[in-house]
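Colleague: Here's a structure for you.
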Amino acid sequence: MKVKDRLRRLTGERIETPGSPPDKEVITELRKKIQAILERSPVGSTPKDARYTGGSVRLEQVITGEEVRTPQGMFFFSRTVFTDTTYHGIMRIGDFPRIGMDSLGILAKNPVISLHEPCHALFLDTETTGLSGGTGTFPFLVGLGWFEGDHFITCQLFARDFSEEKALLSFLQELSSDKKFLVTFNGKAYDLPLLASRYILNRLEDPFLGKEHLDLLHPCRRLLGHRLENTRLATLESSILGLNRRGDIPGFEIPQRYFDWLRRRDGRLMEDVFEHNRIDVISMAAITKHLSDLLDGSLATQSVPGVDLFCVARLHLERGNTDASRSLLEGLLCSPDTGVAKQARETLSLLHKKAGRWNEAVVIWEKMLEDDVLDIFASVELAKWCEHRVSDYDRAIQLVSRVLEQHPFLSEELQWSLEYRLRRLLRRTLRKHPTEGS
DNA sequence: CTCACGCAGATGTATCCGTT
DNA sequence: AACGGATACATCTGCGTGAG
């Protein structure tokens, strides 16, 4: 500023030169505009967020919890006890801890888990500033859950700003140290890689590295996904747990809520997020209980769809539990769901075939042909048995040619392979009886 | 005895889908 | 949007068996 201008300002003279600093009125005007912007509803929020106007409310006033001070710094901590008589949808909290650990080992494809106890499980779910992954995503809320007797405890660790991360992470190390295994929903691909990068960034040891881990997403997809529109946690809650969240904040709104909190420090902004996170953690425990019951056979048979049981049978088969698989499949042979009954017959017959129990396999194939004389699977399997085990070429030819002649829908590939089989059988029968057929 | 073939298990690859 | 686990499907490999 020139000396002449300073003198003018001191004497109260207005300076109107373009590009020069604004005077007091302009600044006041700008301040008003900024304030108005700051008081606007958060971006992407619903109309009900009008309740967040009119001064801010401290976090402690809306969320039961307290500030925790550690040598690493501070963060906010909330603990809730869900007693055994509480219901989560149709599920009673008090039943949760009675989980079959053998089943969990099978679900996690990790037999070590079955050596632990339900009270050794740590349920974990994080809320973050986005999905973009990498080091740019900040896990501001870590929800944890575990069993204490017949009760379920949830603990929530909240970083009120970025500076509280280190204290939160080191407290998480402490909390998880006496838990033997981890249960998450999509945690293998989402929560754990994210936390791993935060531990590295904060030069702390990752407490979850190498810890046993059951990720519920994949067992849910496998055992329940066949009859559901998708296997998102919310869908599983409504269809399996009978729980419908009212007024729940959608996941995509959570990052914006946290950014609003950072600006306004209004505890009411975080209320829904804490609630959402707490329900996620309890739902994980409820789903773990449901899956373990499904595998144990402790659910009322009439309430379980046949297709779920068939999926369990296939899981047992893949894990080498042939006895468990066999008895489930036998129970499904006459399932009212005809599709399930057919699949059960096919799978069980192959199980018998593999074990060398040919008689039992043949009984199933014959039964399938009794119900549908053009059944392709049974026709081909019986033809293989006739050709390779009992050298009954005539019967094999009859089975294959009947499908070829009468089946209304044969893919080009299937037709080709059936014709190939038939030609080979005809060659063989000609060699066996050279005088016939010429 | 050797060769060719059918079958089943092993290995490799593409696609899907859930997380905030 | 980025990521990665699981599944489904395709291709490869090795074994057993029958024909010549």
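Each chain of the structure tokens is named A, B, ... in the order shown, its residues numbered from 1; ligands are numbered from 1 in display order.
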Taking only C-alpha atoms (C1' of nucleotides) into account, what are the residues of chain A at most 8 Å from chain B, put as a ChimeraX atom specification?
Modeller: /A:127-131,186-187,189-191,217,231-232,251-252,254-255
Colleague: Enumerate, as a PyMOL selection string, the complete set of residues in range 150-358 of chain A that a backbone-based DSSP assignment places in alpha helix (DSSP H).
Modeller: chain A and resi 165-176+191-201+217-224+233-236+254-264+268-296+306-318+322-332+338-354+358
Colleague: Quick one: residues within 10 Å of Leu209 in chain A, only C-alpha atoms (C1' of nucleotides) counted, chain neighbours fewer than 2 positions away excluded, as a list of chain:residue names?
Modeller: A:Leu192, A:Pro193, A:Ala196, A:Glu205, A:Asp206, A:Pro207, A:Lys211, A:Glu212, A:His213
Colleague: Based on only C-alpha atoms (C1' of nucleotides), which of the residues in chain C come within 7 Å of chain A? I want them as a list in words.
Modeller: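 Applying the cut-off to the listed atoms yields DA1, DA2, DC3, DG4 and DA6 of chain C.
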Colleague: Quick one: residues within 8 Å of Gly145 in chain A, only C-alpha atoms (C1' of nucleotides) counted, chain neighbours fewer than 3 positions away excluded, as a ChimeraX atom specification?
Modeller: /A:122-124,152-155,281-282
